[in-house]
Amino acid sequence: MNHGESPRNEPPGHGEENESLSHICKPTNNMSARAFLEVELRLNAELDQLGFGPPVRYVYRPLQYAWELHQAFVQRFCRGGQSVLFLGMNPGPFGMAQTGVPFGEVNVVRDWFGITGEVGRPAEEHPKRLVTGLASTKSEVSGARFWGLFRQLCGEPERFFRHCFVHNLCPLMFMAESGKNLTPPELAAEERNALLALCDAALCQAVRALGVTMVIGVGRVAERRARKALAAAGMGDVRVEGIMHPSPRNPRANKGWAEVAMVTLEELGVLSLLRNE
């Protein structure tokens, strides 16, 4: 744990490695969702054993304090027969860190997905990056762009999730003393390698649980990690591709991310699965 961090608002039974993880999840007949959630819970427990030093000062764990919303998202939208997995890298401060949903811009999660629930708080918060859950008034640009495109294409979330699902490689958000968001590649080498080894293994387990045939990395880093992890696991039959990241830190994305992403999705044969025609 990081700088005196202690577990708070975590899933019941979290960290009890000798017991089945299935009792933590709400009952569901959705076996794909159940298997996927158990992969995430095992990763949660493994990541709890890691420590992080400078430049990391704060570690947010939304799959603990925002588990209620995350579980609702997975149980509603993760289903058998999905063939495409969009893969982000890790949570942003105004998206998944608030809602527990990948690229989870608050308005999208609440108004388009129709997900409600309580969100707890990280063990230690930066005063400029407070977690207020669905009450947050700040919008995550990446999430608004990402889901905004699919809302435009699909109309209803059920059409997107008929064929696709969304996941982050790493469920932790890291911040420096200043509150600056840190991505996993910015961590100290030894800590980064330990983190990504666990996340890579969990990704392979998640892909097997979902049965997807294509992983689309959102941004080059996620694409490279997916390609490396799946190849090392002997899962070369899963196709790995990539689309541009919608981050406002990406100058090209600021000039029209949706248009660029649609061209890529057309080339990958995914766009026809999503259009609401």
# chains A, B, ... in the order shown; residues from 1 in each chain; ligands from 1
$ residues_around --residues "range 182-198 of chain A" --least-positions-apart "4" --cutoff "8 Å" --atoms "only C-alpha atoms" --output "compact mmCIF listing (two decimals) with all heavy atoms, in the first residue's frame"
# COMPACT_ATOMS: atom_id res chain seq x y z
N LEU A 43 -7.10 -9.80 -9.18
CA LEU A 43 -6.09 -8.77 -9.46
C LEU A 43 -6.07 -7.73 -8.35
O LEU A 43 -4.99 -7.28 -7.92
CB LEU A 43 -6.37 -8.11 -10.82
CG LEU A 43 -5.39 -7.00 -11.23
CD1 LEU A 43 -3.96 -7.53 -11.33
CD2 LEU A 43 -5.82 -6.36 -12.55
N GLU A 46 -4.01 -9.06 -5.54
CA GLU A 46 -2.59 -9.10 -5.88
C GLU A 46 -1.97 -7.70 -5.85
O GLU A 46 -0.86 -7.51 -5.35
CB GLU A 46 -2.40 -9.74 -7.25
CG GLU A 46 -2.75 -11.21 -7.28
CD GLU A 46 -2.82 -11.78 -8.68
OE1 GLU A 46 -2.93 -11.01 -9.66
OE2 GLU A 46 -2.77 -13.02 -8.81
N LEU A 47 -2.70 -6.73 -6.37
CA LEU A 47 -2.16 -5.37 -6.41
C LEU A 47 -2.06 -4.76 -5.02
O LEU A 47 -1.24 -3.86 -4.79
CB LEU A 47 -3.03 -4.49 -7.31
CG LEU A 47 -3.03 -4.85 -8.80
CD1 LEU A 47 -3.93 -3.90 -9.57
CD2 LEU A 47 -1.63 -4.84 -9.38
N LEU A 50 1.44 -4.70 -3.51
CA LEU A 50 2.50 -3.86 -4.08
C LEU A 50 2.59 -2.53 -3.33
O LEU A 50 1.60 -2.01 -2.84
CB LEU A 50 2.23 -3.59 -5.56
CG LEU A 50 2.12 -4.80 -6.49
CD1 LEU A 50 1.91 -4.32 -7.92
CD2 LEU A 50 3.35 -5.69 -6.39
N GLY A 51 3.78 -1.97 -3.28
CA GLY A 51 3.99 -0.64 -2.75
C GLY A 51 4.52 0.28 -3.83
O GLY A 51 5.15 -0.18 -4.79
N PHE A 52 4.27 1.57 -3.69
CA PHE A 52 4.69 2.54 -4.71
C PHE A 52 5.35 3.74 -4.04
O PHE A 52 4.76 4.34 -3.14
CB PHE A 52 3.50 2.99 -5.55
CG PHE A 52 2.79 1.86 -6.25
CD1 PHE A 52 1.68 1.25 -5.67
CD2 PHE A 52 3.24 1.39 -7.46
CE1 PHE A 52 1.04 0.20 -6.30
CE2 PHE A 52 2.61 0.34 -8.10
CZ PHE A 52 1.50 -0.26 -7.52
N GLY A 53 6.54 4.06 -4.50
CA GLY A 53 7.27 5.22 -4.00
C GLY A 53 7.30 6.33 -5.03
O GLY A 53 6.59 6.27 -6.03
N PRO A 54 8.12 7.37 -4.80
CA PRO A 54 8.20 8.50 -5.72
C PRO A 54 8.45 8.02 -7.16
O PRO A 54 9.17 7.03 -7.36
CB PRO A 54 9.39 9.30 -5.20
CG PRO A 54 9.45 8.95 -3.74
CD PRO A 54 9.06 7.49 -3.67
N PRO A 55 7.79 8.67 -8.13
CA PRO A 55 7.02 9.92 -8.02
C PRO A 55 5.58 9.75 -7.53
O PRO A 55 4.85 10.72 -7.43
CB PRO A 55 7.02 10.41 -9.47
CG PRO A 55 7.03 9.15 -10.28
CD PRO A 55 7.92 8.20 -9.53
N VAL A 56 5.16 8.53 -7.20
CA VAL A 56 3.79 8.31 -6.77
C VAL A 56 3.60 8.76 -5.32
O VAL A 56 4.40 8.42 -4.45
CB VAL A 56 3.41 6.82 -6.89
CG1 VAL A 56 2.01 6.57 -6.33
CG2 VAL A 56 3.51 6.36 -8.33
N MET A 89 -5.80 2.12 -20.57
CA MET A 89 -4.61 1.85 -19.78
C MET A 89 -4.94 1.83 -18.28
O MET A 89 -4.77 0.82 -17.62
CB MET A 89 -3.53 2.89 -20.07
CG MET A 89 -2.16 2.51 -19.53
SD MET A 89 -1.56 0.98 -20.26
CE MET A 89 -0.25 0.55 -19.14
N ASN A 90 -5.41 2.96 -17.73
CA ASN A 90 -5.76 3.00 -16.31
C ASN A 90 -6.69 4.19 -16.07
O ASN A 90 -6.86 5.04 -16.95
CB ASN A 90 -4.51 3.06 -15.42
CG ASN A 90 -3.77 4.37 -15.47
OD1 ASN A 90 -3.45 4.86 -16.56
ND2 ASN A 90 -3.47 4.94 -14.32
N CYS A 170 -4.94 -1.66 -16.20
CA CYS A 170 -4.61 -1.45 -14.80
C CYS A 170 -5.76 -0.72 -14.11
O CYS A 170 -6.21 0.31 -14.60
CB CYS A 170 -3.32 -0.63 -14.68
SG CYS A 170 -2.92 -0.13 -13.00
N MET A 173 -5.23 4.26 -10.19
CA MET A 173 -4.84 5.59 -10.64
C MET A 173 -3.73 6.11 -9.74
O MET A 173 -3.82 6.00 -8.50
CB MET A 173 -6.02 6.57 -10.61
CG MET A 173 -5.66 7.93 -11.20
SD MET A 173 -7.02 9.12 -11.18
CE MET A 173 -6.95 9.68 -9.48
N PHE A 174 -2.70 6.67 -10.34
CA PHE A 174 -1.54 7.17 -9.60
C PHE A 174 -1.44 8.67 -9.76
O PHE A 174 -1.67 9.21 -10.84
CB PHE A 174 -0.26 6.52 -10.14
CG PHE A 174 -0.29 5.02 -10.12
CD1 PHE A 174 -0.62 4.30 -11.26
CD2 PHE A 174 0.01 4.32 -8.95
CE1 PHE A 174 -0.64 2.91 -11.25
CE2 PHE A 174 -0.01 2.93 -8.93
CZ PHE A 174 -0.34 2.22 -10.08
N MET A 175 -1.06 9.34 -8.67
CA MET A 175 -0.87 10.79 -8.72
C MET A 175 0.42 11.17 -8.00
O MET A 175 0.80 10.54 -6.99
CB MET A 175 -2.04 11.52 -8.08
CG MET A 175 -3.26 11.63 -8.97
SD MET A 175 -4.56 12.58 -8.17
CE MET A 175 -5.01 11.49 -6.84
N ALA A 176 1.04 12.23 -8.49
CA ALA A 176 2.20 12.80 -7.83
C ALA A 176 1.74 13.71 -6.69
O ALA A 176 0.55 13.97 -6.51
CB ALA A 176 3.03 13.59 -8.84
N ALA A 202 -3.63 -10.77 -15.75
CA ALA A 202 -5.07 -10.62 -15.56
C ALA A 202 -5.78 -10.32 -16.89
O ALA A 202 -6.90 -10.79 -17.11
CB ALA A 202 -5.35 -9.52 -14.55
$ residues_around --residues "Ser272 in chain A" --least-positions-apart "2" --cutoff "12 Å" --atoms "only C-alpha atoms" --output "MDAnalysis selection string"
chainID A and resid 153:154 159:160 163 262:270 274:277
$ write_last_selection --atoms "all heavy atoms" --output "short mmCIF file (atom, residue, chain, number, x, y, z; two decimals), in the first residue's frame"
data_model
loop_
_atom_site.label_atom_id
_atom_site.label_comp_id
_atom_site.auth_asym_id
_atom_site.auth_seq_id
_atom_site.Cartn_x
_atom_site.Cartn_y
_atom_site.Cartn_z
N LEU A 153 -23.10 6.63 -32.67
CA LEU A 153 -23.19 5.52 -33.62
C LEU A 153 -24.30 4.54 -33.25
O LEU A 153 -25.00 4.02 -34.14
CB LEU A 153 -21.87 4.76 -33.66
CG LEU A 153 -20.68 5.46 -34.32
CD1 LEU A 153 -19.41 4.66 -34.10
CD2 LEU A 153 -20.93 5.66 -35.81
N CYS A 154 -24.44 4.26 -31.96
CA CYS A 154 -25.30 3.16 -31.53
C CYS A 154 -26.69 3.59 -31.07
O CYS A 154 -27.63 2.79 -31.11
CB CYS A 154 -24.63 2.39 -30.39
SG CYS A 154 -23.01 1.70 -30.83
N ARG A 159 -26.78 -1.67 -28.02
CA ARG A 159 -26.23 -1.98 -29.35
C ARG A 159 -24.71 -2.07 -29.30
O ARG A 159 -24.12 -2.95 -29.92
CB ARG A 159 -26.68 -0.94 -30.38
CG ARG A 159 -26.22 -1.31 -31.78
CD ARG A 159 -26.83 -0.44 -32.86
NE ARG A 159 -26.45 -0.94 -34.17
CZ ARG A 159 -27.08 -1.89 -34.84
NH1 ARG A 159 -28.15 -2.46 -34.30
NH2 ARG A 159 -26.67 -2.30 -36.03
N PHE A 160 -24.06 -1.17 -28.57
CA PHE A 160 -22.61 -1.24 -28.45
C PHE A 160 -22.20 -2.53 -27.75
O PHE A 160 -21.31 -3.25 -28.21
CB PHE A 160 -22.09 -0.04 -27.65
CG PHE A 160 -20.62 -0.10 -27.35
CD1 PHE A 160 -19.68 0.36 -28.26
CD2 PHE A 160 -20.16 -0.65 -26.15
CE1 PHE A 160 -18.31 0.29 -27.99
CE2 PHE A 160 -18.80 -0.72 -25.86
CZ PHE A 160 -17.88 -0.26 -26.79
N HIS A 163 -21.84 -6.45 -29.12
CA HIS A 163 -20.62 -7.01 -29.72
C HIS A 163 -19.34 -6.62 -28.98
O HIS A 163 -18.31 -7.25 -29.19
CB HIS A 163 -20.50 -6.52 -31.17
CG HIS A 163 -21.66 -6.91 -32.04
ND1 HIS A 163 -21.84 -8.18 -32.51
CD2 HIS A 163 -22.70 -6.17 -32.51
CE1 HIS A 163 -22.95 -8.23 -33.25
NE2 HIS A 163 -23.49 -7.03 -33.26
N MET A 262 -13.41 6.72 -36.32
CA MET A 262 -14.37 6.05 -37.20
C MET A 262 -13.68 5.46 -38.42
O MET A 262 -14.03 4.36 -38.87
CB MET A 262 -15.46 7.04 -37.63
CG MET A 262 -16.46 7.34 -36.53
SD MET A 262 -17.73 8.55 -37.01
CE MET A 262 -18.56 7.69 -38.33
N VAL A 263 -12.69 6.15 -38.95
CA VAL A 263 -11.93 5.61 -40.09
C VAL A 263 -11.24 4.31 -39.67
O VAL A 263 -11.27 3.31 -40.40
CB VAL A 263 -10.91 6.64 -40.61
CG1 VAL A 263 -9.95 6.00 -41.61
CG2 VAL A 263 -11.63 7.82 -41.25
N THR A 264 -10.60 4.33 -38.50
CA THR A 264 -9.91 3.14 -38.02
C THR A 264 -10.89 1.99 -37.79
O THR A 264 -10.63 0.84 -38.18
CB THR A 264 -9.16 3.44 -36.71
OG1 THR A 264 -8.25 4.52 -36.93
CG2 THR A 264 -8.38 2.22 -36.24
N LEU A 265 -12.02 2.28 -37.16
CA LEU A 265 -13.01 1.24 -36.89
C LEU A 265 -13.57 0.66 -38.19
O LEU A 265 -13.86 -0.55 -38.26
CB LEU A 265 -14.14 1.80 -36.02
CG LEU A 265 -13.74 2.20 -34.60
CD1 LEU A 265 -14.91 2.90 -33.90
CD2 LEU A 265 -13.29 0.99 -33.79
N GLU A 266 -13.71 1.47 -39.20
CA GLU A 266 -14.14 0.99 -40.51
C GLU A 266 -13.11 0.04 -41.09
O GLU A 266 -13.44 -1.05 -41.59
CB GLU A 266 -14.35 2.17 -41.45
CG GLU A 266 -14.77 1.79 -42.86
CD GLU A 266 -16.21 1.30 -42.92
OE1 GLU A 266 -17.11 1.99 -42.43
OE2 GLU A 266 -16.40 0.19 -43.46
N GLU A 267 -11.85 0.40 -40.98
CA GLU A 267 -10.77 -0.44 -41.49
C GLU A 267 -10.70 -1.77 -40.75
O GLU A 267 -10.34 -2.81 -41.35
CB GLU A 267 -9.43 0.29 -41.38
CG GLU A 267 -9.32 1.51 -42.29
CD GLU A 267 -8.08 2.34 -42.00
OE1 GLU A 267 -7.43 2.10 -40.96
OE2 GLU A 267 -7.77 3.23 -42.82
N LEU A 268 -11.03 -1.77 -39.47
CA LEU A 268 -10.97 -2.98 -38.66
C LEU A 268 -12.22 -3.85 -38.80
O LEU A 268 -12.27 -4.96 -38.24
CB LEU A 268 -10.78 -2.62 -37.18
CG LEU A 268 -9.49 -1.87 -36.83
CD1 LEU A 268 -9.44 -1.58 -35.33
CD2 LEU A 268 -8.26 -2.66 -37.26
N GLY A 269 -13.23 -3.36 -39.51
CA GLY A 269 -14.46 -4.11 -39.68
C GLY A 269 -15.39 -4.05 -38.48
O GLY A 269 -16.30 -4.87 -38.36
N VAL A 270 -15.17 -3.07 -37.61
CA VAL A 270 -15.97 -2.96 -36.39
C VAL A 270 -17.13 -1.98 -36.56
O VAL A 270 -18.18 -2.13 -35.93
CB VAL A 270 -15.09 -2.54 -35.21
CG1 VAL A 270 -15.90 -2.30 -33.94
CG2 VAL A 270 -14.01 -3.60 -34.94
N LEU A 274 -21.66 -1.43 -35.14
CA LEU A 274 -22.07 -0.41 -34.19
C LEU A 274 -23.13 0.55 -34.72
O LEU A 274 -23.83 1.18 -33.95
CB LEU A 274 -20.85 0.39 -33.73
CG LEU A 274 -19.72 -0.41 -33.08
CD1 LEU A 274 -18.52 0.48 -32.84
CD2 LEU A 274 -20.18 -1.06 -31.79
N ARG A 275 -23.22 0.68 -36.01
CA ARG A 275 -24.11 1.69 -36.57
C ARG A 275 -25.56 1.39 -36.23
O ARG A 275 -26.02 0.26 -36.35
CB ARG A 275 -23.94 1.77 -38.09
CG ARG A 275 -22.66 2.44 -38.54
CD ARG A 275 -22.70 2.75 -40.03
NE ARG A 275 -21.48 3.34 -40.52
CZ ARG A 275 -21.16 4.62 -40.42
NH1 ARG A 275 -21.98 5.44 -39.80
NH2 ARG A 275 -20.03 5.08 -40.92
N ASN A 276 -26.27 2.44 -35.86
CA ASN A 276 -27.70 2.35 -35.54
C ASN A 276 -28.47 2.74 -36.79
O ASN A 276 -28.84 3.89 -36.97
CB ASN A 276 -28.04 3.27 -34.37
CG ASN A 276 -29.48 3.18 -33.96
OD1 ASN A 276 -30.13 2.16 -34.22
ND2 ASN A 276 -30.00 4.23 -33.36
N GLU A 277 -28.69 1.77 -37.64
CA GLU A 277 -29.34 2.05 -38.93
C GLU A 277 -30.66 1.27 -39.05
O GLU A 277 -30.76 0.14 -38.59
CB GLU A 277 -28.41 1.67 -40.08
CG GLU A 277 -27.13 2.51 -40.13
CD GLU A 277 -26.19 2.03 -41.23
OE1 GLU A 277 -26.36 0.91 -41.72
OE2 GLU A 277 -25.28 2.81 -41.58
#
$ atom_distance --atom1 "CA of Glu241 in chain A" --atom2 "CA of Gly217 in chain A"
6.2 Å
$ closest_residue --among "A:Ala201, A:Leu69, A:Val106, A:Ala206" --to "Leu37 in chain A" --atoms "only C-alpha atoms"
A:Ala206
$ atom_distance --atom1 "CA of Lys138 in chain A" --atom2 "CA of Glu259 in chain A"
24.6 Å
$ select_by_dssp --residues "range 17-227 of chain A" --states "strand (DSSP E or B)" --output "VMD selection string"
chain A and resid 58 to 60 84 to 88 164 to 168 173 to 175 181 to 182 214 to 218
$ residues_around --residues "Gly88 in chain A" --least-positions-apart "5" --cutoff "10 Å" --atoms "only C-alpha atoms" --output "JSON, numbers by chain"
{"A": [102, 103, 166, 167, 168, 169, 170, 171, 216, 217, 218, 219, 220, 221, 222, 223, 245]}
$ write_last_selection --atoms "C-alpha atoms" --output "PDB file, in the first residue's frame"
ATOM      1  CA  PRO A 102     -13.659   2.523 -17.808  1.00  0.00           C
ATOM      2  CA  PHE A 103     -13.655   5.933 -19.526  1.00  0.00           C
ATOM      3  CA  VAL A 166     -14.523  -2.101 -22.391  1.00  0.00           C
ATOM      4  CA  HIS A 167     -11.810  -2.711 -19.830  1.00  0.00           C
ATOM      5  CA  ASN A 168      -8.692  -1.034 -18.399  1.00  0.00           C
ATOM      6  CA  LEU A 169      -5.410  -2.918 -18.225  1.00  0.00           C
ATOM      7  CA  CYS A 170      -4.609  -1.452 -14.801  1.00  0.00           C
ATOM      8  CA  PRO A 171      -7.371  -0.566 -12.297  1.00  0.00           C
ATOM      9  CA  ILE A 216      -8.453  -2.827 -29.567  1.00  0.00           C
ATOM     10  CA  GLY A 217      -5.980  -0.827 -27.525  1.00  0.00           C
ATOM     11  CA  VAL A 218      -7.114   2.749 -26.929  1.00  0.00           C
ATOM     12  CA  GLY A 219      -3.761   4.453 -27.422  1.00  0.00           C
ATOM     13  CA  ARG A 220      -0.432   2.953 -28.401  1.00  0.00           C
ATOM     14  CA  VAL A 221       0.638   2.010 -24.869  1.00  0.00           C
ATOM     15  CA  ALA A 222      -2.441  -0.152 -24.263  1.00  0.00           C
ATOM     16  CA  GLU A 223      -2.114  -1.689 -27.717  1.00  0.00           C
ATOM     17  CA  HIS A 245      -6.405   7.819 -27.635  1.00  0.00           C
TER      18      HIS A 245
END
$ closest_residue --among "A:Trp112, A:Phe165, A:Tyr58, A:Tyr65" --to "Ser32 in chain A" --atoms "only C-alpha atoms"
A:Phe165
$ select_by_dssp --residues "range 37-270 of chain A" --states "alpha helix (DSSP H)" --output "ChimeraX atom specification"
/A:37-47,62-65,67-77,96-99,106-107,141-154,157-163,189-210,220-232,257-267
$ closest_residue --among "A:Ala97, A:Ala233, A:Ala123, A:Val108" --to "Phe150 in chain A" --atoms "only C-alpha atoms"
A:Val108
$ closest_residue --among "A:Met214, A:Val119, A:Leu149, A:Leu63" --to "Ser136 in chain A" --atoms "only C-alpha atoms"
A:Val119
$ atom_distance --atom1 "CA of Lys228 in chain A" --atom2 "CA of Val84 in chain A"
17.8 Å
$ closest_residue --among "A:Phe86, A:Trp147, A:Trp67, A:Trp257" --to "Leu41 in chain A" --atoms "only C-alpha atoms"
A:Trp67
$ closest_residue --among "A:Asp111, A:Glu118, A:Glu105, A:Glu140" --to "Glu68 in chain A" --atoms "only C-alpha atoms"
A:Glu118
